[in-house]
$ cat model17.cif   # mmCIF, C-alpha atoms
data_coords
loop_
_atom_site.label_atom_id
_atom_site.label_comp_id
_atom_site.auth_asym_id
_atom_site.auth_seq_id
_atom_site.Cartn_x
_atom_site.Cartn_y
_atom_site.Cartn_z
CA MET A 1 154.06 -42.64 198.16
CA VAL A 2 156.39 -39.96 199.55
CA LEU A 3 159.33 -39.06 197.35
CA LEU A 4 162.66 -38.54 199.08
CA SER A 5 163.08 -35.27 197.22
CA ASP A 6 159.60 -34.02 198.22
CA PRO A 7 160.14 -30.45 199.54
CA SER A 8 157.18 -30.82 201.92
CA ARG A 9 159.10 -33.45 203.91
CA LYS A 10 160.53 -32.13 207.12
CA LYS A 11 164.33 -32.38 207.16
CA THR A 12 165.50 -34.45 210.12
CA ILE A 13 168.19 -36.87 211.15
CA ARG A 14 167.66 -39.83 213.43
CA THR A 15 169.81 -40.52 216.45
CA ARG A 16 172.02 -43.60 216.24
CA SER A 17 169.54 -45.50 218.42
CA GLY A 18 166.71 -44.53 216.07
CA THR A 19 164.63 -43.36 219.01
CA ARG A 20 164.57 -39.65 218.21
CA GLU A 21 164.33 -37.38 215.19
CA ILE A 22 166.37 -34.19 215.38
CA PRO A 23 165.30 -31.30 213.11
CA CYS A 24 167.74 -29.84 210.60
CA GLU A 25 167.59 -26.15 209.76
CA ASP A 26 167.44 -24.54 206.34
CA VAL A 27 170.37 -22.17 206.12
CA PRO A 28 171.30 -20.30 202.95
CA ALA A 29 174.56 -21.30 201.30
CA SER A 30 177.50 -18.92 201.39
CA THR A 31 179.64 -17.92 198.44
CA ILE A 32 182.92 -19.77 198.15
CA GLU A 33 184.79 -16.48 197.71
CA LYS A 34 183.50 -15.09 201.01
CA LEU A 35 184.35 -18.31 202.82
CA GLN A 36 187.90 -18.30 201.43
CA ILE A 37 188.45 -14.69 202.51
CA ASP A 38 187.06 -15.38 206.00
CA ALA A 39 189.29 -18.47 206.30
CA GLN A 40 192.37 -16.39 205.45
CA VAL A 41 191.41 -13.84 208.12
CA PHE A 42 191.06 -16.58 210.76
CA GLN A 43 194.41 -18.07 209.73
CA SER A 44 196.10 -14.70 210.11
CA GLN A 45 194.66 -14.30 213.63
CA ILE A 46 195.12 -17.78 215.09
CA PRO A 47 198.54 -19.48 215.11
CA ASP A 48 198.83 -23.01 213.70
CA LEU A 49 195.27 -22.96 212.26
CA ILE A 50 195.02 -25.32 209.28
CA LEU A 51 192.28 -24.90 206.72
CA ARG A 52 190.77 -28.33 206.04
CA SER A 53 187.99 -27.43 203.62
CA VAL A 54 185.83 -24.61 202.35
CA ASP A 55 182.37 -25.70 201.30
CA PRO A 56 179.44 -23.43 200.48
CA TYR A 57 176.97 -26.16 201.48
CA PRO A 58 175.45 -25.07 204.82
CA TYR A 59 176.33 -27.44 207.63
CA ASN A 60 177.70 -26.58 211.07
CA CYS A 61 179.81 -28.28 213.73
CA VAL A 62 176.92 -30.42 214.98
CA GLY A 63 176.02 -31.41 211.42
CA MET A 64 179.65 -32.26 210.72
CA ILE A 65 179.80 -34.66 213.68
CA PHE A 66 176.30 -36.16 213.70
CA ALA A 67 175.12 -35.85 210.07
CA SER A 68 178.29 -36.43 208.02
CA ARG A 69 178.50 -32.81 206.83
CA ARG A 70 174.99 -32.92 205.38
CA ALA A 71 172.91 -30.76 207.72
CA TRP A 72 172.75 -27.71 209.94
CA ILE A 73 171.68 -28.88 213.41
CA GLU A 74 171.27 -26.33 216.16
CA ILE A 75 173.62 -26.75 219.13
CA ASP A 76 170.51 -26.78 221.38
CA TYR A 77 170.12 -30.48 220.52
CA ILE A 78 173.65 -31.46 221.51
CA TYR A 79 172.87 -33.11 224.86
CA GLU A 80 169.97 -35.00 223.33
CA LEU A 81 172.22 -36.28 220.53
CA LEU A 82 175.00 -37.23 222.93
CA ARG A 83 172.58 -39.08 225.21
CA ALA A 84 170.68 -40.87 222.41
CA ASP A 85 173.92 -41.88 220.66
CA ASN A 86 175.27 -43.30 223.93
CA TYR A 87 178.14 -40.84 224.48
CA LYS A 88 179.55 -40.66 228.00
CA LEU A 89 181.53 -37.96 229.74
CA VAL A 90 185.23 -38.72 229.86
CA PRO A 91 187.95 -36.81 231.73
CA ARG A 92 190.18 -34.64 229.54
CA GLU A 93 193.23 -36.66 230.47
CA ARG A 94 191.60 -39.83 229.07
CA VAL A 95 190.52 -38.54 225.64
CA ILE A 96 191.82 -40.17 222.48
CA ALA A 97 191.34 -39.52 218.78
CA GLY A 98 187.69 -40.01 217.87
CA ASP A 99 186.31 -38.52 221.08
CA LEU A 100 184.42 -35.21 221.12
CA VAL A 101 185.05 -31.87 222.81
CA LEU A 102 182.14 -29.61 223.72
CA TYR A 103 182.81 -25.89 223.97
CA LYS A 104 180.72 -23.55 226.13
CA ASN A 105 180.20 -19.80 226.07
CA GLN A 106 180.48 -17.37 228.99
CA ARG A 107 176.94 -18.25 230.12
CA ASP A 108 178.02 -21.92 230.40
CA GLU A 109 175.83 -22.88 227.41
CA PRO A 110 176.99 -25.24 224.66
CA SER A 111 178.35 -23.18 221.76
CA HIS A 112 180.51 -25.51 219.61
CA ILE A 113 181.62 -29.12 219.21
CA GLY A 114 184.67 -30.67 217.61
CA LEU A 115 186.17 -34.06 216.84
CA ILE A 116 189.47 -34.87 218.52
CA ILE A 117 191.91 -36.14 215.90
CA ALA A 118 195.20 -36.32 217.83
CA VAL A 119 196.39 -36.36 221.43
CA ASP A 120 200.07 -35.99 222.17
CA GLN A 121 201.09 -36.55 225.78
CA LEU A 122 203.92 -34.20 226.82
CA GLY A 123 204.76 -35.20 230.36
CA ALA A 124 201.80 -34.09 232.48
CA SER A 125 200.26 -31.95 229.72
CA GLN A 126 198.52 -32.78 226.47
CA ASN A 127 198.50 -31.27 223.00
CA ILE A 128 195.06 -32.00 221.60
CA LYS A 129 194.20 -31.37 217.94
CA VAL A 130 190.62 -30.98 216.83
CA ILE A 131 188.78 -30.72 213.56
CA SER A 132 185.66 -28.57 213.60
CA LYS A 133 183.34 -26.53 211.41
CA TRP A 134 183.07 -22.90 212.46
CA GLY A 135 179.40 -22.08 211.84
CA LEU A 136 178.93 -21.10 208.20
CA ASP A 137 182.69 -20.69 207.85
CA ALA A 138 185.26 -23.31 206.88
CA GLU A 139 186.42 -26.49 208.57
CA PHE A 140 189.68 -26.10 210.45
CA ILE A 141 192.21 -28.32 212.17
CA HIS A 142 193.37 -26.57 215.31
CA PHE A 143 194.74 -27.01 218.80
CA ILE A 144 191.91 -27.42 221.28
CA ASP A 145 192.22 -23.93 222.80
CA LYS A 146 192.87 -22.12 219.51
CA VAL A 147 189.42 -21.21 218.20
CA ASN A 148 187.59 -18.04 217.34
CA SER A 149 186.57 -16.49 220.69
CA ASN A 150 182.83 -16.66 219.92
CA LEU A 151 183.07 -20.48 219.82
CA GLY A 152 183.72 -20.64 223.56
CA LYS A 153 186.08 -22.68 225.71
CA PRO A 154 186.58 -26.47 225.74
CA THR A 155 184.77 -27.71 228.83
CA GLU A 156 183.39 -31.22 228.40
CA PHE A 157 184.68 -34.33 226.67
CA TYR A 158 182.64 -37.27 225.39
CA THR A 159 183.34 -40.74 224.09
CA ASP A 160 181.20 -43.42 222.51
CA ARG A 161 183.77 -46.09 223.37
CA GLU A 162 182.31 -48.95 225.34
CA HIS A 163 183.95 -49.74 228.64
CA HIS A 164 186.07 -52.86 228.28
CA ALA A 165 188.92 -54.09 230.40
CA HIS A 166 191.33 -53.42 227.52
CA ILE A 167 190.04 -49.87 226.85
CA PRO A 168 190.73 -47.56 229.79
CA ILE A 169 188.09 -44.86 230.08
#
$ encode --input "model17.cif" --output "structure tokens"
Amino acid sequence: MVLLSDPSRKKTIRTRSGTREIPCEDVPASTIEKLQIDAQVFQSQIPDLILRSVDPYPYNCVGMIFASRRAWIEIDYIYELLRADNYKLVPRERVIAGDLVLYKNQRDEPSHIGLIIAVDQLGASQNIKVISKWGLDAEFIHFIDKVNSNLGKPTEFYTDREHHAHIPI
């Protein structure tokens, strides 16, 4: 019998389809005081940044989205997770709350992911709000382009909505 709390068990999550195990990393927890100070610094640098939560438990943006804030999953697995969980690319102008935004760095590599929580259409432009976890730092609610520069630029959008006649994708 293998106990669930057995430390020899490899930490993994399964994709929604159950076809693939994705490894979770062991990352040391941060102190709540350091996280609070870092969050205040970010808020002073980025307009309209809202602190959602500060948690010393180590999870990242991928773990927030795909493991319910319970794991640190390297961004290297992002395309595998998106594919196995049946996410499809969607044009920016068709995103709605619940869709995902993938950020990429200057080398065009995935660097961050966030959950879209609001889309306000203002004529031809959109105001998109996102919730995301900034590495070991806090979770923030922010406008799509207002992130720490090392998180990259929003470049790809994904949805797990099925295509139906009544749901325009």
$ resolve_selection --input "model17.cif" --expression "the PyMOL selection byres ((chain A and resi 114) around 7)" --output "PyMOL selection string"
chain A and resi 61+100-102+112-113+115-116+130-132
$ residues_around --input "model17.cif" --residues "A:Ile117" --least-positions-apart "6" --cutoff "12 Å" --atoms "only C-alpha atoms" --output "PyMOL selection string"
chain A and resi 95-101+127-132+140-144
$ resolve_selection --input "model17.cif" --expression "the PyMOL selection byres ((chain A and resi 82) around 10)" --output "MDAnalysis selection string"
chainID A and resid 15:16 66 77:81 83:89 100 158:160
$ atom_distance --input "model17.cif" --atom1 "atom CA of A:Glu74" --atom2 "atom CA of A:Ile22"
9.3 Å
$ resolve_selection --input "model17.cif" --expression "the PyMOL selection byres ((chain A and resi 106) around 12)" --output "number ranges by chain"
A: 103-105, 107-111, 149-155
$ closest_residue --input "model17.cif" --among "A:Ser44, A:Pro56, A:Ile65, A:Leu51" --to "A:Thr31" --atoms "all atoms listed in the file"
A:Pro56
$ closest_residue --input "model17.cif" --among "A:Cys24, A:Ile32, A:Ala124, A:Val90" --to "A:Asn60" --atoms "only C-alpha atoms"
A:Cys24
$ closest_residue --input "model17.cif" --among "A:Glu25, A:Arg92, A:Gln126, A:Val54" --to "A:Asp76" --atoms "all atoms listed in the file"
A:Glu25
$ atom_distance --input "model17.cif" --atom1 "atom CA of A:Val147" --atom2 "atom CA of A:Asp26"
25.2 Å
$ atom_distance --input "model17.cif" --atom1 "atom CA of A:Asp38" --atom2 "atom CA of A:Pro58"
15.2 Å
